[in-house]
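Read through the structure below, which is laid out as structure tokens, and then see the notes.
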Amino acid sequence: MNTGSDEPREAAVARDEQSGEKSDKVHDEQGLGSKAPEFIKSRRLLHLSWQVLVFVIGLAVVVAGIIMLPLPGPGWVVIFGGMAIWATEFVWAQLVLRWTKRKVTEAAQRALDPKVRRRNIILTSVGLVIIAAVLGVYLWKFGFEMPWNIKDQ
């Protein structure tokens, strides 16, 4: 459960693709690692218990989100909220959250592409026409009768 060193503001170091040298640029201008207060990070046992507490709270929120997926409620939002709680303490959660933010941004940009929007509007229109046709045939044949009340014909 240890996320690395206890040094404050530990930053991720990436290699420059062209020169192969290390670059000190941080993607979000914020280092990876624990966001716990300094007095907690300075005491090993206190920091470990802090990490356990953050993990348990994050786990409870993620489990609540998973339960909300089939039930009414904001399941995915709660799951990502639990991931954000974990990201305050664990590097793996910070990396997953960054990856998720990047993928959501890319999907939003693709959805705003005029060709994709036009295709989605056409597919939605065709789907609505098909649903309206099926509903019209049903109403023409059976009227406003519920399906479970229809006698065999």
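Ordered as shown in the structure tokens, chains take letters A, B, and onward, while each chain numbers its residues from 1 and ligands are numbered from 1 in the order shown.
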
Q | Residue neighbourhood His47 of chain A, 10 Å, only C-alpha atoms, exclusion window fewer than 4 positions, as a PyMOL selection string | A | chain A and resi 2+6+34+36-43+51-53+89

Store the residues picked out above in a file with N, CA and C atoms, as a PDB file, in the first residue's frame.
```pdb
ATOM      1  N   ASN A   2       2.146   1.109   0.117  1.00  0.00           N
ATOM      2  CA  ASN A   2       3.041   2.246   0.107  1.00  0.00           C
ATOM      3  C   ASN A   2       3.118   2.808  -1.307  1.00  0.00           C
ATOM      4  N   ASP A   6       8.386   9.291   0.910  1.00  0.00           N
ATOM      5  CA  ASP A   6       7.612  10.231   1.712  1.00  0.00           C
ATOM      6  C   ASP A   6       8.006  11.676   1.428  1.00  0.00           C
ATOM      7  N   SER A  34       1.277  11.278  -2.196  1.00  0.00           N
ATOM      8  CA  SER A  34       0.356  11.601  -1.117  1.00  0.00           C
ATOM      9  C   SER A  34       0.099  13.098  -0.995  1.00  0.00           C
ATOM     10  N   ALA A  36      -1.400  14.117   1.780  1.00  0.00           N
ATOM     11  CA  ALA A  36      -1.646  14.224   3.211  1.00  0.00           C
ATOM     12  C   ALA A  36      -0.847  15.398   3.787  1.00  0.00           C
ATOM     13  N   PRO A  37      -1.336  15.986   4.876  1.00  0.00           N
ATOM     14  CA  PRO A  37      -0.594  17.076   5.515  1.00  0.00           C
ATOM     15  C   PRO A  37       0.795  16.610   5.968  1.00  0.00           C
ATOM     16  N   GLU A  38       1.718  17.549   6.068  1.00  0.00           N
ATOM     17  CA  GLU A  38       3.100  17.222   6.409  1.00  0.00           C
ATOM     18  C   GLU A  38       3.231  16.531   7.756  1.00  0.00           C
ATOM     19  N   PHE A  39       2.455  16.927   8.766  1.00  0.00           N
ATOM     20  CA  PHE A  39       2.600  16.304  10.083  1.00  0.00           C
ATOM     21  C   PHE A  39       2.175  14.842  10.052  1.00  0.00           C
ATOM     22  N   ILE A  40       1.300  14.481   9.111  1.00  0.00           N
ATOM     23  CA  ILE A  40       0.910  13.078   8.976  1.00  0.00           C
ATOM     24  C   ILE A  40       1.994  12.306   8.237  1.00  0.00           C
ATOM     25  N   LYS A  41       2.532  12.902   7.168  1.00  0.00           N
ATOM     26  CA  LYS A  41       3.566  12.215   6.398  1.00  0.00           C
ATOM     27  C   LYS A  41       4.861  12.052   7.190  1.00  0.00           C
ATOM     28  N   SER A  42       5.092  12.899   8.178  1.00  0.00           N
ATOM     29  CA  SER A  42       6.339  12.827   8.938  1.00  0.00           C
ATOM     30  C   SER A  42       6.349  11.650   9.923  1.00  0.00           C
ATOM     31  N   ARG A  43       5.214  11.102  10.250  1.00  0.00           N
ATOM     32  CA  ARG A  43       5.124   9.959  11.168  1.00  0.00           C
ATOM     33  C   ARG A  43       4.642   8.739  10.385  1.00  0.00           C
ATOM     34  N   GLN A  51      -3.454   6.286   5.137  1.00  0.00           N
ATOM     35  CA  GLN A  51      -3.658   5.619   3.861  1.00  0.00           C
ATOM     36  C   GLN A  51      -4.752   4.559   3.960  1.00  0.00           C
ATOM     37  N   VAL A  52      -4.774   3.813   5.055  1.00  0.00           N
ATOM     38  CA  VAL A  52      -5.812   2.798   5.242  1.00  0.00           C
ATOM     39  C   VAL A  52      -7.180   3.471   5.319  1.00  0.00           C
ATOM     40  N   LEU A  53      -7.278   4.573   6.048  1.00  0.00           N
ATOM     41  CA  LEU A  53      -8.549   5.296   6.176  1.00  0.00           C
ATOM     42  C   LEU A  53      -9.021   5.822   4.816  1.00  0.00           C
ATOM     43  N   GLU A  89      -4.262  10.027  -2.294  1.00  0.00           N
ATOM     44  CA  GLU A  89      -3.237   9.312  -1.540  1.00  0.00           C
ATOM     45  C   GLU A  89      -2.416   8.326  -2.361  1.00  0.00           C
TER      46      GLU A  89
END
```

(Q) Need to verify the contact set: Trp76 of chain A, 10 Å, only C-alpha atoms, exclusion of same-chain residues closer than 6 positions in sequence. Can you return it as a ChimeraX atom specification? (A) /A:62,65-66,68-69,82

Q) What is the atom CA of Ala84 of chain A-atom CA of Val54 of chain A distance in Å, reported with one decimal? A)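 Going from atom CA of Ala84 of chain A over to atom CA of Val54 of chain A covers 10.5 Å.
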
Q: State, in Å with one decimal place, the distance from atom CA of Asp113 of chain A to atom CA of Val77 of chain A.
A: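 These atoms are spaced 25.0 Å apart.
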
Q) Got a sec: who's within 10 Å of Ala93 of chain A, counting only C-alpha atoms, leaving out chain neighbours fewer than 3 positions off, as a list in words? A) Leu32, Gly33, Gly82, Met83, Ala84, Ile85, Trp86, Ala87, Thr88, Glu89, Phe90, Val96, Leu97, Arg98 and Trp99 of chain A

Q | Near-Ala64 of chain A list (9 Å; only C-alpha atoms; drop same-chain fewer than 6 positions) as a PyMOL selection string | A | chain A and resi 75+78-79

Those residues with N, CA, C and O atoms, as a PDB file, in the first residue's frame please?
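Wrote result39.pdb, looks like this:
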```pdb
ATOM      1  N   GLY A  75     -24.416   6.482 -10.617  1.00  0.00           N
ATOM      2  CA  GLY A  75     -23.419   5.455 -10.355  1.00  0.00           C
ATOM      3  C   GLY A  75     -22.020   5.806 -10.808  1.00  0.00           C
ATOM      4  O   GLY A  75     -21.064   5.738 -10.037  1.00  0.00           O
ATOM      5  N   VAL A  78     -20.395   8.682  -8.884  1.00  0.00           N
ATOM      6  CA  VAL A  78     -19.970   8.273  -7.544  1.00  0.00           C
ATOM      7  C   VAL A  78     -18.702   7.417  -7.632  1.00  0.00           C
ATOM      8  O   VAL A  78     -17.788   7.562  -6.808  1.00  0.00           O
ATOM      9  N   ILE A  79     -18.615   6.536  -8.627  1.00  0.00           N
ATOM     10  CA  ILE A  79     -17.407   5.724  -8.795  1.00  0.00           C
ATOM     11  C   ILE A  79     -16.196   6.617  -9.037  1.00  0.00           C
ATOM     12  O   ILE A  79     -15.135   6.430  -8.426  1.00  0.00           O
TER      13      ILE A  79
END
```

From segment 19-152 of chain A, collect each residue whose DSSP state is alpha helix (DSSP H) and return the set as an mmCIF file with C-alpha atoms, in the first residue's frame.
```cif
data_model
loop_
_atom_site.group_PDB
_atom_site.id
_atom_site.type_symbol
_atom_site.label_atom_id
_atom_site.label_comp_id
_atom_site.auth_asym_id
_atom_site.auth_seq_id
_atom_site.Cartn_x
_atom_site.Cartn_y
_atom_site.Cartn_z
ATOM 1 C CA GLU A 38 3.100 17.222 6.409
ATOM 2 C CA PHE A 39 2.600 16.304 10.083
ATOM 3 C CA ILE A 40 0.910 13.078 8.976
ATOM 4 C CA LYS A 41 3.566 12.215 6.398
ATOM 5 C CA ARG A 44 5.231 6.562 9.467
ATOM 6 C CA LEU A 45 2.503 4.850 11.521
ATOM 7 C CA LEU A 46 0.187 7.848 11.261
ATOM 8 C CA HIS A 47 0.743 8.010 7.495
ATOM 9 C CA LEU A 48 0.016 4.298 7.098
ATOM 10 C CA SER A 49 -3.202 4.588 9.108
ATOM 11 C CA TRP A 50 -4.125 7.674 7.042
ATOM 12 C CA GLN A 51 -3.658 5.619 3.861
ATOM 13 C CA VAL A 52 -5.812 2.798 5.242
ATOM 14 C CA LEU A 53 -8.549 5.296 6.176
ATOM 15 C CA VAL A 54 -8.472 6.923 2.719
ATOM 16 C CA PHE A 55 -8.567 3.490 1.075
ATOM 17 C CA VAL A 56 -11.553 2.331 3.140
ATOM 18 C CA ILE A 57 -13.517 5.554 2.512
ATOM 19 C CA GLY A 58 -12.720 5.433 -1.218
ATOM 20 C CA LEU A 59 -13.699 1.767 -1.338
ATOM 21 C CA ALA A 60 -17.036 2.507 0.345
ATOM 22 C CA VAL A 61 -17.776 5.258 -2.191
ATOM 23 C CA VAL A 62 -16.774 3.060 -5.162
ATOM 24 C CA VAL A 63 -18.916 0.170 -3.881
ATOM 25 C CA ALA A 64 -21.857 2.567 -3.436
ATOM 26 C CA GLY A 65 -21.352 3.692 -7.041
ATOM 27 C CA ILE A 66 -21.275 0.107 -8.283
ATOM 28 C CA ILE A 67 -24.515 -0.568 -6.406
ATOM 29 C CA MET A 68 -26.046 2.527 -8.044
ATOM 30 C CA GLY A 75 -23.419 5.455 -10.355
ATOM 31 C CA TRP A 76 -20.515 6.482 -12.612
ATOM 32 C CA VAL A 77 -20.201 9.893 -10.980
ATOM 33 C CA VAL A 78 -19.970 8.273 -7.544
ATOM 34 C CA ILE A 79 -17.407 5.724 -8.795
ATOM 35 C CA PHE A 80 -15.206 8.510 -10.170
ATOM 36 C CA GLY A 81 -15.701 10.386 -6.898
ATOM 37 C CA GLY A 82 -14.309 7.351 -5.062
ATOM 38 C CA MET A 83 -11.393 7.268 -7.489
ATOM 39 C CA ALA A 84 -10.764 10.955 -6.731
ATOM 40 C CA ILE A 85 -10.705 10.133 -3.013
ATOM 41 C CA TRP A 86 -8.145 7.393 -3.681
ATOM 42 C CA ALA A 87 -6.157 9.782 -5.894
ATOM 43 C CA VAL A 91 -0.290 7.157 -7.343
ATOM 44 C CA TRP A 92 -2.082 4.357 -9.226
ATOM 45 C CA ALA A 93 -5.422 6.125 -8.706
ATOM 46 C CA GLN A 94 -3.944 9.443 -9.832
ATOM 47 C CA LEU A 95 -2.706 7.798 -13.032
ATOM 48 C CA VAL A 96 -6.075 6.091 -13.654
ATOM 49 C CA LEU A 97 -7.881 9.401 -13.077
ATOM 50 C CA ARG A 98 -5.555 11.240 -15.499
ATOM 51 C CA TRP A 99 -6.066 8.540 -18.130
ATOM 52 C CA THR A 100 -9.850 8.699 -17.651
ATOM 53 C CA LYS A 101 -9.910 12.499 -17.926
ATOM 54 C CA ARG A 102 -7.868 12.306 -21.127
ATOM 55 C CA LYS A 103 -10.176 9.673 -22.657
ATOM 56 C CA VAL A 104 -13.335 11.603 -21.712
ATOM 57 C CA THR A 105 -11.901 14.775 -23.249
ATOM 58 C CA GLU A 106 -11.002 12.906 -26.451
ATOM 59 C CA ALA A 107 -14.497 11.378 -26.649
ATOM 60 C CA ALA A 108 -16.112 14.785 -26.136
ATOM 61 C CA GLN A 109 -14.001 16.265 -28.931
ATOM 62 C CA ARG A 110 -14.913 13.375 -31.252
ATOM 63 C CA ALA A 111 -18.608 13.781 -30.416
ATOM 64 C CA PRO A 114 -19.584 17.772 -37.428
ATOM 65 C CA LYS A 115 -19.460 14.464 -39.350
ATOM 66 C CA VAL A 116 -20.022 12.418 -36.202
ATOM 67 C CA ARG A 117 -22.838 14.724 -35.051
ATOM 68 C CA ARG A 118 -24.532 14.463 -38.438
ATOM 69 C CA ARG A 119 -24.252 10.651 -38.359
ATOM 70 C CA ASN A 120 -25.658 10.521 -34.822
ATOM 71 C CA ILE A 121 -28.574 12.777 -35.743
ATOM 72 C CA ILE A 122 -29.365 10.620 -38.796
ATOM 73 C CA LEU A 123 -29.192 7.381 -36.772
ATOM 74 C CA THR A 124 -31.379 8.856 -34.027
ATOM 75 C CA SER A 125 -33.928 10.060 -36.587
ATOM 76 C CA VAL A 126 -34.062 6.647 -38.285
ATOM 77 C CA GLY A 127 -34.485 4.961 -34.881
ATOM 78 C CA LEU A 128 -37.321 7.310 -33.929
ATOM 79 C CA VAL A 129 -39.077 6.697 -37.272
ATOM 80 C CA ILE A 130 -38.839 2.923 -36.729
ATOM 81 C CA ILE A 131 -40.205 3.233 -33.168
ATOM 82 C CA ALA A 132 -43.039 5.477 -34.385
ATOM 83 C CA ALA A 133 -43.906 2.976 -37.147
ATOM 84 C CA VAL A 134 -43.991 0.033 -34.721
ATOM 85 C CA LEU A 135 -46.085 2.052 -32.264
ATOM 86 C CA GLY A 136 -48.447 3.082 -35.081
ATOM 87 C CA VAL A 137 -48.933 -0.515 -36.215
ATOM 88 C CA TYR A 138 -49.592 -1.594 -32.622
ATOM 89 C CA LEU A 139 -52.159 1.171 -32.074
ATOM 90 C CA TRP A 140 -53.833 0.431 -35.428
ATOM 91 C CA LYS A 141 -54.136 -3.269 -34.647
ATOM 92 C CA PHE A 142 -54.903 -3.226 -30.878
#
```
